[in-house]
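S.K.: Right, I'll just put the structure down here and ask away after.
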Amino acid sequence: MKLGVIFGGNLWRRSSRIRFVWLFFAAAMIMSLPTDPAAGALSATEERGKEIYLTGNSPSGRDITALVGQGLVPTPGSGLPCGTCHGPDGLGRPEGGVVPSNITWGYLTKPYGTVSWDGHLRSTYTPDTLGRAIMLGIDSAGNYLNVSMPRYRIEREDFGDLLAYLKRIETYLDPGLSEERIILGTIVPSTGPLQSLGQAMRAVVEAQLDEINAQGGVYGRKLELEVREADGKTAILEEAKKLGKRAFALVSVLTAGVDDEYAELVEAEGIPTIGPYTVFNRDQDSLQRFSFHLYGGLSIQSRVLVEYAARKLGGQKPRSAVLYLAGPQWAAIAEALQVQALANGWQSPLRIQYASDRMNAGELATRLKDDQVQAVFFFGGPRELLSLAGEAEQSAWAPYLFLSGPLASKEIFELPAIFQDKIFLAYPTVPSDHTQAGVVKFSALQRRRGLTQQHLLAQIGAYSATKILVEGLKRTGRALSREKLIGALEKIYEYETGLTPKLTYGPNRRVGSLGAYVVSVDLEKQAFRAASEWVELKQR
């Protein structure tokens with residue numbers, strides 16, 4: 001929304017009495033706004049104003065309408081929120097040859113006035129002239145504001161909230177920020193089988209932050225980690241929402257079992273999250289701004305497996321099937337695989353879902369053999385895989401098997417010998433990603449801080465996520481905000497953590513390493529063998 005307003009749903013009434021009443025109201029409201037910039041939490045009024053400013057929607061549910069162009073064509077305010085052009089900090093963002101005004105309170109009320117981008121000299125804004133600019137699009141010197149700036153129909157209460165937020169916009173700091181410190185957050189399980197894994201990740205993050213603080217922090221600010229422990233979907237989401245109001249950003253949150261809901265929450269709340277620990281992160285085409293993943297999840301691994309299979313089979317168009325556990329997250333993996341298969345000119349794969357421990361392996365093996373399936377992509381448990389492979393052996397049917405490495409277990413080496421040289425796994429990272437310098441630094445951190453040697457892959461994930469976050473903070477500079485952090489992270493290109501593939505992000509990319517490696521299984525030697533170099537996926 002640009003600062004032009006039509007008040008209460010009606011055009012400016014030219015009655016001098018009404019004009020006097022409105023300007024008296026505006027002056028009283030503006031002058032009553034707090035003059036102390038205290039960088040604490042926003043008041044309820046300011047919070048409502050922030051929502052109006054950033055989304056163009058009224059928290060009360062009242063309509064906000066923008067009047068656009070020479071003809072003042074009405075359109076919903078949500079289509080033209082303030083922050084789109086003026087930016088989340090109110091400084092203005094040049095776009096399409098138009099330079100939106102700096103609307104921070106200090107700038108608007110400079111005692112000597114300013115010169116606008118198109119050369120017009122304007123005087124200091126007063127409550128009266130600010131009201132005129134907002135109501136009619138006329139600045140403090142009597143010049144009409146650019147026609148690109150809409151005028152708005154907005155109710156009095158919402159307008160008051162918006163003004164309250166504009167008063168604070170240049171001095172308000174995002175949650176977890178002060179002159180001396182940056183509070184970061186993470187969430188780990190408090191009980192259960194993942195508890196020790198979560199604690200190992202937490203210890204790595206704390207160790208890194210301690211060492212950074214010992215060197216002076218980031219631009220003089222110390223980094224503090226606030227840890228919340230939670231179990232179960234509801235508890236994790238509740239703690240994430242609370243933590244998002246206290247911490248500037250979250251890092252290495254273990255989101256197992258609540259992946260989609262967590263991603264939706266941080267988007268709705270605007271909480272930057274770096275390196276959430278999950279195999280179910282969304283595909284790179286998903287619309288999300290606040291979640292930055294290190295690796296591609298199962299959807300991306302499934303696509304890499306199709307790409308590798310296409311190369312392995314030398315351009316053949318095999319009959320294929322994808323078997324997956326029942327549930328929407330697993331179905332999304334099958335959908336991504338299907339799209340990639342069709343892009344390679346294959347027939348649409350058979351899509352077969354099954355409930356855990358309820359797969360009829362004999363019946364399924366017969367069906368797939370009769371359908372002449374040559375390639376099976378399997379996303380499920382090891383018990384069902386062994387059962388299916390056993391039935392396949394009985395019927396002398398040995399298709400290629402393609403699986404996700406993170407889902408595989410030691411039972412993979414128990415598959416029948418007829419599958420020798422026919423089993424391939426996708427991994428988002430392999431030991432060859434580890435540089436000598438990276439290993440030395442990480443090992444030294446482990447020794448100095450007495451870190452466990454368990455859960456090394458999870459530790460590496462936490463370590464790399466923290467490095468990316470700190471790199472983003474450094475690139476952002478002292479004038480820090482969540483939006484500026486997002487912008488800095490989007491500019492990271494082929495960043496080397498020393499323990500992962502090079503990581504790249506962008507405005508439309510939230511997966512740092514967009515691809516995977518493929519390894520084969522040597523059943524005779526009970527070992528893995530490299531089957532491919534890094535398989536990079538193109539941004540769709």
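Every chain in the structure tokens has a letter given in the order shown (A, B, ...), and although residue numbers restart at 1 in each chain, ligands are simply numbered from 1 in the order shown.
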Near stretch 443-449 of chain A, within 12 Å and counting only C-alpha atoms, which residues show up once chain neighbours fewer than 2 positions away are dropped, as a list in words?

M.R.: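 Residues near the query, excluding close chain neighbours: Ala200, Met201, Ala203, Val204, Val205, Glu206, Ala207, Gln208, Leu209, Asp210, Glu211, Ile212, His434, Gln436, Ala437, Gly438, Val439, Val440, Lys441, Leu451, Thr452, Gln453, Gln454, Leu456, Gln459, Ile460, Tyr463, Gly498 and Leu499 of chain A.
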
S.K.: Pick out the residues sitting within 12 Å of A:Pro59, and hand them over as a PyMOL selection string; count only C-alpha atoms, and ignore anything fewer than 3 positions along from it in its own chain.

M.R.: chain A and resi 44-56+62-64+78+155+157-159+161-162

S.K.: Tell me which protein, DNA and RNA residues are within 12 Å of stretch 416-424 of chain A, counting only C-alpha atoms, leaving out same-chain ones fewer than 5 positions away, and put them as a count of residues only.

M.R.: 53

S.K.: If you run DSSP on this backbone, which residues of stretch 408-503 of chain A come out as strand (DSSP E or B), and could you give them as a list in words?

M.R.: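 In stretch 408-503 of chain A, DSSP puts these residues in strand (DSSP E or B): Ile423, Phe424, Leu425, Ala426, Tyr427, Tyr495 and Leu503 of chain A.
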
S.K.: Pick out the residues sitting within 10 Å of stretch 325-341 of chain A, and hand them over as a CSV table (one decimal) with N, CA and C atoms, in the first residue's frame; count only C-alpha atoms, and ignore anything fewer than 3 positions along from it in its own chain.

M.R.:
chain,number,residue,atom,x,y,z
A,259,ASP,N,6.5,-31.7,9.2
A,259,ASP,CA,7.2,-31.0,8.2
A,259,ASP,C,6.3,-30.0,7.4
A,260,ASP,N,5.2,-30.4,6.9
A,260,ASP,CA,4.4,-29.4,6.1
A,260,ASP,C,3.8,-28.4,7.0
A,280,PHE,N,11.5,-34.5,4.3
A,280,PHE,CA,10.3,-34.2,3.6
A,280,PHE,C,10.2,-32.7,3.2
A,281,ASN,N,11.4,-32.0,3.1
A,281,ASN,CA,11.2,-30.7,2.7
A,281,ASN,C,10.6,-30.6,1.3
A,282,ARG,N,9.9,-29.6,1.0
A,282,ARG,CA,9.2,-29.5,-0.2
A,282,ARG,C,10.1,-29.4,-1.4
A,283,ASP,N,9.5,-29.7,-2.6
A,283,ASP,CA,10.3,-29.6,-3.8
A,283,ASP,C,10.7,-28.1,-4.0
A,297,GLY,N,15.1,-33.0,-0.5
A,297,GLY,CA,14.5,-34.0,0.3
A,297,GLY,C,14.2,-35.2,-0.6
A,298,LEU,N,13.2,-36.0,-0.2
A,298,LEU,CA,12.9,-37.3,-1.0
A,298,LEU,C,12.4,-37.0,-2.4
A,299,SER,N,11.6,-35.9,-2.5
A,299,SER,CA,11.1,-35.5,-3.8
A,299,SER,C,12.2,-35.3,-4.8
A,300,ILE,N,13.3,-34.6,-4.4
A,300,ILE,CA,14.4,-34.3,-5.3
A,300,ILE,C,15.2,-35.5,-5.5
A,301,GLN,N,15.4,-36.4,-4.5
A,301,GLN,CA,16.1,-37.6,-4.6
A,301,GLN,C,15.4,-38.5,-5.7
A,302,SER,N,14.0,-38.5,-5.6
A,302,SER,CA,13.3,-39.4,-6.6
A,302,SER,C,13.5,-38.9,-8.0
A,303,ARG,N,13.6,-37.6,-8.2
A,303,ARG,CA,13.8,-37.1,-9.5
A,303,ARG,C,15.2,-37.4,-10.0
A,304,VAL,N,16.2,-37.3,-9.1
A,304,VAL,CA,17.6,-37.7,-9.5
A,304,VAL,C,17.7,-39.1,-9.9
A,305,LEU,N,17.0,-40.0,-9.2
A,305,LEU,CA,17.0,-41.4,-9.5
A,305,LEU,C,16.4,-41.6,-10.9
A,306,VAL,N,15.4,-40.9,-11.3
A,306,VAL,CA,14.8,-41.0,-12.6
A,306,VAL,C,15.9,-40.6,-13.7
A,307,GLU,N,16.5,-39.4,-13.4
A,307,GLU,CA,17.6,-38.9,-14.3
A,307,GLU,C,18.7,-40.0,-14.4
A,309,ALA,N,18.5,-43.2,-13.9
A,309,ALA,CA,18.0,-44.4,-14.6
A,309,ALA,C,17.9,-44.2,-16.1
A,310,ALA,N,17.5,-43.0,-16.5
A,310,ALA,CA,17.5,-42.7,-17.9
A,310,ALA,C,18.8,-42.8,-18.6
A,317,LYS,N,13.1,-46.5,-22.8
A,317,LYS,CA,11.9,-46.0,-22.1
A,317,LYS,C,11.3,-47.2,-21.3
A,318,PRO,N,11.8,-47.4,-20.1
A,318,PRO,CA,11.4,-48.6,-19.4
A,318,PRO,C,10.0,-48.5,-18.8
A,320,SER,N,7.9,-48.6,-15.7
A,320,SER,CA,8.4,-48.4,-14.3
A,320,SER,C,7.2,-48.3,-13.3
A,321,ALA,N,7.5,-48.4,-12.1
A,321,ALA,CA,6.5,-48.3,-11.0
A,321,ALA,C,7.2,-47.6,-9.8
A,322,VAL,N,6.3,-46.9,-9.1
A,322,VAL,CA,6.8,-46.3,-7.9
A,322,VAL,C,5.9,-46.8,-6.7
A,344,ASN,N,11.2,-37.2,-19.3
A,344,ASN,CA,12.2,-38.0,-20.0
A,344,ASN,C,11.6,-38.9,-21.1
A,345,GLY,N,10.3,-38.7,-21.3
A,345,GLY,CA,9.7,-39.4,-22.4
A,345,GLY,C,9.2,-40.8,-22.0
A,346,TRP,N,9.2,-41.1,-20.7
A,346,TRP,CA,8.7,-42.4,-20.3
A,346,TRP,C,7.2,-42.5,-20.3
A,347,GLN,N,6.7,-43.7,-20.2
A,347,GLN,CA,5.3,-43.9,-19.9
A,347,GLN,C,5.1,-43.4,-18.4
A,348,SER,N,3.9,-43.1,-18.1
A,348,SER,CA,3.6,-42.7,-16.7
A,348,SER,C,3.8,-43.9,-15.8
A,349,PRO,N,4.7,-43.8,-14.8
A,349,PRO,CA,4.9,-44.9,-13.9
A,349,PRO,C,3.6,-45.4,-13.2
A,350,LEU,N,3.6,-46.7,-12.9
A,350,LEU,CA,2.5,-47.2,-12.1
A,350,LEU,C,2.7,-46.6,-10.7
A,351,ARG,N,1.7,-46.1,-10.1
A,351,ARG,CA,1.8,-45.6,-8.7
A,351,ARG,C,1.0,-46.5,-7.8
A,352,ILE,N,1.7,-47.1,-6.9
A,352,ILE,CA,1.1,-48.0,-5.9
A,352,ILE,C,1.5,-47.6,-4.5
A,353,GLN,N,0.5,-47.3,-3.7
A,353,GLN,CA,0.7,-47.0,-2.3
A,353,GLN,C,0.3,-48.2,-1.5
A,354,TYR,N,0.9,-48.3,-0.3
A,354,TYR,CA,0.5,-49.4,0.6
A,354,TYR,C,0.6,-48.9,2.0
A,355,ALA,N,-0.2,-49.5,2.9
A,355,ALA,CA,-0.1,-49.2,4.3
A,355,ALA,C,1.0,-50.0,4.9
A,356,SER,N,1.7,-49.4,5.9
A,356,SER,CA,2.8,-50.0,6.6
A,356,SER,C,2.4,-51.4,7.1
A,357,ASP,N,3.2,-52.4,6.9
A,357,ASP,CA,3.0,-53.8,7.3
A,357,ASP,C,1.7,-54.4,6.7
A,359,MET,N,1.4,-54.8,3.1
A,359,MET,CA,1.7,-55.0,1.7
A,359,MET,C,1.6,-56.5,1.4
A,377,PHE,N,10.9,-48.0,-8.3
A,377,PHE,CA,11.3,-46.9,-7.3
A,377,PHE,C,10.6,-47.1,-6.0
A,378,PHE,N,11.3,-47.4,-5.0
A,378,PHE,CA,10.7,-47.9,-3.7
A,378,PHE,C,10.9,-46.8,-2.6
A,379,PHE,N,9.9,-46.4,-2.0
A,379,PHE,CA,9.9,-45.4,-0.9
A,379,PHE,C,9.1,-46.0,0.3
A,380,GLY,N,9.7,-46.8,1.0
A,380,GLY,CA,9.0,-47.5,2.1
A,380,GLY,C,10.0,-48.1,3.1
A,381,GLY,N,9.5,-49.1,3.9
A,381,GLY,CA,10.3,-49.7,5.0
A,381,GLY,C,11.2,-50.8,4.5

S.K.: For atom CA of A:Ser148 and atom CA of A:Ile169, quote the distance in Å rounded to one decimal.

M.R.: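 Interatomic distance, atom CA of A:Ser148 to atom CA of A:Ile169: 22.6 Å.
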
S.K.: So that I can see what lies close to stretch 249-254 of chain A, please list as a PyMOL selection string the residues with an atom at most 10 Å from it, counting only C-alpha atoms and leaving out residues fewer than 4 positions away in the same chain.

M.R.: chain A and resi 174-177+182-189+194+197-198+201-202+205+225-228+236+240+243-245+258-259+262+266+270-278+290-294+458-459+461-466+468-469+482+485

S.K.: Just to be explicit: take each residue in the selection above, keep C-alpha atoms, and write the result as a short mmCIF file (atom, residue, chain, number, x, y, z; two decimals), in the first residue's frame.

M.R.:
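What landed in result_6.cif:
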data_model
loop_
_atom_site.label_atom_id
_atom_site.label_comp_id
_atom_site.auth_asym_id
_atom_site.auth_seq_id
_atom_site.Cartn_x
_atom_site.Cartn_y
_atom_site.Cartn_z
CA ASP A 174 12.60 -7.65 14.60
CA PRO A 175 12.19 -10.17 17.44
CA GLY A 176 15.43 -11.32 19.04
CA LEU A 177 17.43 -8.24 18.08
CA ILE A 182 20.93 -11.69 18.40
CA ILE A 183 18.74 -14.43 19.81
CA LEU A 184 18.52 -17.55 17.67
CA GLY A 185 16.31 -20.53 18.35
CA THR A 186 15.98 -24.24 17.81
CA ILE A 187 13.56 -27.01 18.79
CA VAL A 188 14.59 -30.55 19.74
CA PRO A 189 12.68 -33.60 21.00
CA LEU A 194 15.11 -38.87 18.34
CA LEU A 197 19.94 -36.99 17.85
CA GLY A 198 18.34 -33.64 18.71
CA MET A 201 22.52 -31.21 16.90
CA ARG A 202 21.89 -28.70 19.68
CA VAL A 205 25.06 -25.25 17.25
CA LEU A 225 20.70 -19.82 21.34
CA GLU A 226 17.30 -20.34 22.93
CA VAL A 227 16.35 -24.01 22.95
CA ARG A 228 12.81 -25.37 23.24
CA ILE A 236 6.31 -28.48 18.18
CA ALA A 240 7.86 -22.70 17.12
CA LEU A 243 9.98 -18.95 19.72
CA GLY A 244 9.34 -16.96 16.56
CA LYS A 245 8.22 -14.03 18.70
CA VAL A 258 5.35 -32.06 11.33
CA ASP A 259 7.20 -30.99 8.19
CA TYR A 262 5.98 -26.34 10.26
CA VAL A 266 7.08 -20.14 9.47
CA GLY A 270 7.65 -14.75 8.77
CA ILE A 271 10.29 -16.66 10.76
CA PRO A 272 13.54 -17.35 8.89
CA THR A 273 14.49 -21.01 9.38
CA ILE A 274 17.85 -22.26 8.17
CA GLY A 275 18.51 -25.97 7.76
CA PRO A 276 15.35 -27.59 9.13
CA TYR A 277 16.27 -31.24 9.65
CA THR A 278 13.89 -33.30 7.53
CA PHE A 290 11.46 -18.36 4.98
CA SER A 291 12.75 -21.96 4.92
CA PHE A 292 16.29 -22.47 3.60
CA HIS A 293 17.18 -26.14 3.19
CA LEU A 294 20.67 -27.55 2.87
CA ALA A 458 22.88 -34.85 11.84
CA GLN A 459 25.78 -32.98 13.43
CA GLY A 461 23.72 -30.79 9.02
CA ALA A 462 23.49 -28.63 12.14
CA TYR A 463 27.06 -27.41 11.69
CA SER A 464 26.48 -26.45 8.04
CA ALA A 465 23.12 -24.79 8.74
CA THR A 466 24.74 -22.64 11.43
CA ILE A 468 25.00 -20.57 6.44
CA LEU A 469 23.04 -18.55 9.01
CA ARG A 482 14.66 -10.48 8.88
CA LEU A 485 18.71 -11.53 6.10
#

S.K.: Would you work out the distance separating atom CA of A:Ile103 from atom CA of A:Gly160, expressed in Å to one decimal?

M.R.: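 These atoms are spaced 15.9 Å apart.
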
S.K.: What does the distance between atom CA of A:Tyr107 and atom CA of A:His86 come to in Å, to one decimal place?

M.R.: 13.1 Å

S.K.: Could you name the residues that touch A:Lys484 at 10 Å or less, counting only C-alpha atoms, but leaving out those on the same chain fewer than 5 positions away, as a list in words?

M.R.: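 Counting only C-alpha atoms, the residues come to Pro88, Asp89, Gly472, Leu473, Arg475, Thr476, Gly477, Ala479, Leu489 and Glu490 of chain A.
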
S.K.: Those residues with N, CA and C atoms, as a short mmCIF file (atom, residue, chain, number, x, y, z; two decimals), in the first residue's frame please?

M.R.:
data_model
loop_
_atom_site.label_atom_id
_atom_site.label_comp_id
_atom_site.auth_asym_id
_atom_site.auth_seq_id
_atom_site.Cartn_x
_atom_site.Cartn_y
_atom_site.Cartn_z
N PRO A 88 9.83 -3.37 3.60
CA PRO A 88 9.49 -3.66 4.99
C PRO A 88 10.06 -2.66 5.98
N ASP A 89 11.08 -1.90 5.54
CA ASP A 89 11.68 -0.89 6.43
C ASP A 89 11.21 0.52 6.12
N GLY A 472 24.97 -15.44 6.41
CA GLY A 472 23.91 -14.50 6.07
C GLY A 472 23.92 -13.28 6.97
N LEU A 473 24.14 -13.48 8.28
CA LEU A 473 24.21 -12.36 9.21
C LEU A 473 25.37 -11.43 8.87
N ARG A 475 26.82 -11.02 5.94
CA ARG A 475 26.56 -10.33 4.67
C ARG A 475 25.51 -9.24 4.83
N THR A 476 24.60 -9.41 5.77
CA THR A 476 23.56 -8.42 5.98
C THR A 476 24.14 -7.14 6.56
N GLY A 477 25.08 -7.26 7.48
CA GLY A 477 25.68 -6.08 8.10
C GLY A 477 25.01 -5.73 9.41
N ALA A 479 22.99 -3.21 10.14
CA ALA A 479 21.58 -2.81 10.03
C ALA A 479 20.76 -4.04 9.67
N LEU A 489 20.76 -14.10 2.20
CA LEU A 489 20.82 -15.54 1.95
C LEU A 489 20.54 -15.86 0.48
N GLU A 490 19.65 -15.10 -0.12
CA GLU A 490 19.31 -15.33 -1.53
C GLU A 490 20.50 -15.07 -2.47
#

S.K.: What residues in stretch 371-438 of chain A get the DSSP label alpha helix (DSSP H)? Please answer as a PyMOL selection string.

M.R.: chain A and resi 382-394+436-438
